[in-house]
Amino acid sequence: MDDDSTCCIREAGWNRAQKLLRSGGLKRLWLASDAETHFAEQVCAEAAKAGVLPDRSKTGRELMELAGVRVFTAVVSEYLPSGEQTGQKREAKNGETP
């Protein structure tokens with residue numbers, strides 16, 4: 001795990017990743033190396049529009065652990081909590097992995 005990841009939130013799922021890509025709030029994006037080809041192409045295309053290169057070094061099982069979920073995960077987003085971006089602190093909510 002990266003040393004700077006303790007201040008970030010990781011969430012599984014493509015819908016959340018798309019919102020973060022559009023808002024510019026994404027710090028890092030993982031795409032499972034074993035994700036279905038058509039889906040992976042879609043994710044890469046959307047990420048490229050936002051100037052993001054997905055990290056493809058982990059499998060879906062590894063991303064499950066990274067995000068702290070119990071289902072196959074093809075996409076994990078990492079971002080700073082909104083308070084961290086402005087210097088304020090906040091606690092993690094349900095489903096977030098600080």
# chains A, B, ... in the order shown; residues from 1 in each chain; ligands from 1
$ select_by_dssp --residues "segment 32-75 of chain A" --states "helix (DSSP H, G or I)" --output "number ranges by chain"
A: 37-49, 60-67
$ write_last_selection --atoms "C-alpha atoms" --output "tab-separated table (two decimals), in the first residue's frame"
chain	number	residue	atom	x	y	z
A	37	THR	CA	-12.40	-6.35	-22.69
A	38	HIS	CA	-15.31	-4.17	-23.86
A	39	PHE	CA	-15.78	-2.71	-20.37
A	40	ALA	CA	-12.05	-2.03	-20.02
A	41	GLU	CA	-12.05	-0.19	-23.37
A	42	GLN	CA	-14.97	1.97	-22.19
A	43	VAL	CA	-13.22	2.81	-18.90
A	44	CYS	CA	-9.94	3.63	-20.66
A	45	ALA	CA	-11.72	5.87	-23.18
A	46	GLU	CA	-13.55	7.83	-20.48
A	47	ALA	CA	-10.41	8.12	-18.37
A	48	ALA	CA	-8.42	9.37	-21.37
A	49	LYS	CA	-10.96	12.17	-21.88
A	60	GLY	CA	-10.24	-7.87	-9.69
A	61	ARG	CA	-9.53	-9.98	-6.61
A	62	GLU	CA	-6.70	-7.66	-5.59
A	63	LEU	CA	-8.95	-4.64	-6.12
A	64	MET	CA	-11.55	-6.28	-3.85
A	65	GLU	CA	-8.98	-6.17	-1.04
A	66	LEU	CA	-7.86	-2.68	-1.92
A	67	ALA	CA	-11.43	-1.35	-1.71
$ residues_around --residues "segment 70-74 of chain A" --least-positions-apart "6" --cutoff "12 Å" --atoms "only C-alpha atoms" --output "PyMOL selection string"
chain A and resi 11-15+17+29-37+39-40+43+54-64+95
$ write_last_selection --atoms "N, CA, C and O atoms" --output "CSV table (one decimal), in the first residue's frame"
chain,number,residue,atom,x,y,z
A,11,GLU,N,-13.0,3.8,-3.2
A,11,GLU,CA,-14.4,3.2,-3.5
A,11,GLU,C,-14.4,2.4,-4.7
A,11,GLU,O,-13.8,2.7,-5.7
A,12,ALA,N,-15.1,1.3,-4.6
A,12,ALA,CA,-15.3,0.4,-5.8
A,12,ALA,C,-16.5,0.9,-6.6
A,12,ALA,O,-17.4,1.4,-6.1
A,13,GLY,N,-16.4,0.7,-7.9
A,13,GLY,CA,-17.5,0.9,-8.8
A,13,GLY,C,-17.2,1.9,-9.9
A,13,GLY,O,-16.6,2.9,-9.7
A,14,TRP,N,-17.8,1.6,-11.1
A,14,TRP,CA,-17.6,2.5,-12.2
A,14,TRP,C,-18.4,3.7,-12.1
A,14,TRP,O,-18.0,4.8,-12.6
A,15,ASN,N,-19.6,3.7,-11.6
A,15,ASN,CA,-20.5,4.9,-11.5
A,15,ASN,C,-19.8,6.0,-10.7
A,15,ASN,O,-19.8,7.1,-11.1
A,17,ALA,N,-16.6,6.2,-10.1
A,17,ALA,CA,-15.4,6.6,-10.8
A,17,ALA,C,-15.7,7.7,-11.9
A,17,ALA,O,-15.0,8.7,-12.1
A,29,LEU,N,-6.9,5.9,-10.3
A,29,LEU,CA,-8.0,5.0,-10.8
A,29,LEU,C,-7.3,3.7,-11.1
A,29,LEU,O,-6.3,3.6,-11.8
A,30,TRP,N,-7.9,2.6,-10.6
A,30,TRP,CA,-7.4,1.3,-10.9
A,30,TRP,C,-8.5,0.6,-11.7
A,30,TRP,O,-9.7,0.7,-11.5
A,31,LEU,N,-8.0,-0.1,-12.7
A,31,LEU,CA,-8.9,-1.0,-13.6
A,31,LEU,C,-8.3,-2.4,-13.6
A,31,LEU,O,-7.1,-2.6,-13.9
A,32,ALA,N,-9.1,-3.3,-13.2
A,32,ALA,CA,-8.6,-4.7,-13.1
A,32,ALA,C,-8.0,-5.2,-14.4
A,32,ALA,O,-8.6,-5.0,-15.5
A,33,SER,N,-6.9,-5.9,-14.2
A,33,SER,CA,-6.2,-6.4,-15.4
A,33,SER,C,-7.0,-7.5,-16.1
A,33,SER,O,-6.9,-7.8,-17.2
A,34,ASP,N,-7.9,-8.1,-15.3
A,34,ASP,CA,-8.8,-9.2,-15.8
A,34,ASP,C,-10.2,-8.7,-16.1
A,34,ASP,O,-11.1,-9.6,-16.2
A,35,ALA,N,-10.4,-7.4,-16.2
A,35,ALA,CA,-11.7,-6.9,-16.5
A,35,ALA,C,-12.1,-7.3,-17.9
A,35,ALA,O,-11.3,-7.5,-18.8
A,36,GLU,N,-13.4,-7.4,-18.2
A,36,GLU,CA,-13.9,-7.8,-19.5
A,36,GLU,C,-13.5,-6.8,-20.5
A,36,GLU,O,-13.4,-5.6,-20.2
A,37,THR,N,-13.1,-7.2,-21.7
A,37,THR,CA,-12.4,-6.3,-22.7
A,37,THR,C,-13.2,-5.1,-23.1
A,37,THR,O,-12.7,-4.0,-23.1
A,39,PHE,N,-15.7,-3.6,-21.5
A,39,PHE,CA,-15.8,-2.7,-20.4
A,39,PHE,C,-14.5,-2.0,-20.2
A,39,PHE,O,-14.5,-0.7,-19.9
A,40,ALA,N,-13.4,-2.7,-20.2
A,40,ALA,CA,-12.0,-2.0,-20.0
A,40,ALA,C,-11.8,-0.9,-21.1
A,40,ALA,O,-11.3,0.1,-20.7
A,43,VAL,N,-13.8,2.1,-20.0
A,43,VAL,CA,-13.2,2.8,-18.9
A,43,VAL,C,-12.0,3.6,-19.4
A,43,VAL,O,-11.8,4.8,-19.0
A,54,PRO,N,-5.5,4.7,-16.3
A,54,PRO,CA,-5.8,3.8,-15.2
A,54,PRO,C,-4.6,2.8,-14.9
A,54,PRO,O,-3.9,2.5,-15.8
A,55,ASP,N,-4.5,2.5,-13.7
A,55,ASP,CA,-3.5,1.5,-13.2
A,55,ASP,C,-4.0,0.2,-13.5
A,55,ASP,O,-5.0,-0.2,-12.9
A,56,ARG,N,-3.4,-0.6,-14.3
A,56,ARG,CA,-3.9,-2.0,-14.7
A,56,ARG,C,-3.1,-3.1,-14.0
A,56,ARG,O,-3.0,-4.2,-14.5
A,57,SER,N,-2.4,-2.8,-13.0
A,57,SER,CA,-1.4,-3.7,-12.4
A,57,SER,C,-2.1,-4.7,-11.4
A,57,SER,O,-1.4,-5.6,-11.0
A,58,LYS,N,-3.3,-4.6,-11.1
A,58,LYS,CA,-4.0,-5.5,-10.1
A,58,LYS,C,-5.2,-6.2,-10.8
A,58,LYS,O,-5.8,-5.7,-11.6
A,59,THR,N,-5.4,-7.4,-10.2
A,59,THR,CA,-6.6,-8.2,-10.7
A,59,THR,C,-7.8,-7.7,-9.9
A,59,THR,O,-7.7,-7.0,-9.0
A,60,GLY,N,-9.0,-8.2,-10.4
A,60,GLY,CA,-10.2,-7.9,-9.7
A,60,GLY,C,-10.2,-8.3,-8.2
A,60,GLY,O,-10.8,-7.6,-7.4
A,61,ARG,N,-9.6,-9.5,-8.0
A,61,ARG,CA,-9.5,-10.0,-6.6
A,61,ARG,C,-8.7,-9.1,-5.8
A,61,ARG,O,-9.0,-8.8,-4.6
A,62,GLU,N,-7.6,-8.6,-6.3
A,62,GLU,CA,-6.7,-7.7,-5.6
A,62,GLU,C,-7.4,-6.3,-5.3
A,62,GLU,O,-7.2,-5.7,-4.3
A,63,LEU,N,-8.2,-5.9,-6.3
A,63,LEU,CA,-9.0,-4.6,-6.1
A,63,LEU,C,-10.0,-4.8,-5.1
A,63,LEU,O,-10.4,-3.8,-4.4
A,64,MET,N,-10.6,-6.0,-4.9
A,64,MET,CA,-11.6,-6.3,-3.8
A,64,MET,C,-10.9,-5.9,-2.5
A,64,MET,O,-11.5,-5.3,-1.7
A,95,GLY,N,-19.0,2.5,3.8
A,95,GLY,CA,-18.6,2.1,2.5
A,95,GLY,C,-17.3,2.7,2.0
A,95,GLY,O,-16.7,2.4,1.0
$ residues_around --residues "Lys27 of chain A" --least-positions-apart "2" --cutoff "10 Å" --atoms "only C-alpha atoms" --output "PDB file with N, CA and C atoms, in the first residue's frame"
ATOM      1  N   CYS A   8      -6.576   9.210   1.961  1.00  0.00           N
ATOM      2  CA  CYS A   8      -7.477   9.117   0.823  1.00  0.00           C
ATOM      3  C   CYS A   8      -8.600   8.118   1.067  1.00  0.00           C
ATOM      4  N   ILE A   9      -9.626   8.238   0.275  1.00  0.00           N
ATOM      5  CA  ILE A   9     -10.759   7.319   0.315  1.00  0.00           C
ATOM      6  C   ILE A   9     -10.740   6.503  -0.960  1.00  0.00           C
ATOM      7  N   ARG A  10     -10.975   5.213  -0.823  1.00  0.00           N
ATOM      8  CA  ARG A  10     -11.067   4.323  -1.985  1.00  0.00           C
ATOM      9  C   ARG A  10     -12.470   3.752  -2.047  1.00  0.00           C
ATOM     10  N   LEU A  20     -16.244  11.057 -10.321  1.00  0.00           N
ATOM     11  CA  LEU A  20     -14.968  11.653  -9.931  1.00  0.00           C
ATOM     12  C   LEU A  20     -14.156  12.101 -11.143  1.00  0.00           C
ATOM     13  N   LEU A  21     -14.217  11.346 -12.234  1.00  0.00           N
ATOM     14  CA  LEU A  21     -13.537  11.755 -13.465  1.00  0.00           C
ATOM     15  C   LEU A  21     -14.106  13.073 -13.973  1.00  0.00           C
ATOM     16  N   GLY A  24     -13.165  16.035 -11.666  1.00  0.00           N
ATOM     17  CA  GLY A  24     -11.740  16.300 -11.509  1.00  0.00           C
ATOM     18  C   GLY A  24     -11.233  15.966 -10.116  1.00  0.00           C
ATOM     19  N   GLY A  25     -12.036  15.253  -9.327  1.00  0.00           N
ATOM     20  CA  GLY A  25     -11.656  14.944  -7.959  1.00  0.00           C
ATOM     21  C   GLY A  25     -10.899  13.650  -7.783  1.00  0.00           C
ATOM     22  N   LEU A  29      -6.931   5.935 -10.304  1.00  0.00           N
ATOM     23  CA  LEU A  29      -7.953   5.018 -10.809  1.00  0.00           C
ATOM     24  C   LEU A  29      -7.305   3.679 -11.131  1.00  0.00           C
ATOM     25  N   VAL A  52      -6.592  10.859 -17.527  1.00  0.00           N
ATOM     26  CA  VAL A  52      -6.196   9.892 -16.499  1.00  0.00           C
ATOM     27  C   VAL A  52      -5.809   8.577 -17.159  1.00  0.00           C
ATOM     28  N   SER A  77     -11.646   3.716  -7.303  1.00  0.00           N
ATOM     29  CA  SER A  77     -11.255   5.126  -7.351  1.00  0.00           C
ATOM     30  C   SER A  77     -10.635   5.525  -6.028  1.00  0.00           C
ATOM     31  N   GLU A  78      -9.664   6.389  -6.100  1.00  0.00           N
ATOM     32  CA  GLU A  78      -9.061   6.950  -4.889  1.00  0.00           C
ATOM     33  C   GLU A  78      -9.166   8.460  -5.006  1.00  0.00           C
ATOM     34  N   TYR A  79      -9.614   9.086  -3.933  1.00  0.00           N
ATOM     35  CA  TYR A  79      -9.760  10.533  -3.943  1.00  0.00           C
ATOM     36  C   TYR A  79      -9.585  11.086  -2.544  1.00  0.00           C
ATOM     37  N   LEU A  80      -9.315  12.370  -2.463  1.00  0.00           N
ATOM     38  CA  LEU A  80      -9.201  13.052  -1.189  1.00  0.00           C
ATOM     39  C   LEU A  80     -10.592  13.438  -0.719  1.00  0.00           C
TER      40      LEU A  80
END
$ closest_residue --among "A:Ser82, A:Val75, A:Gly68, A:Gln18" --to "Ala50 of chain A" --atoms "only C-alpha atoms"
A:Gln18
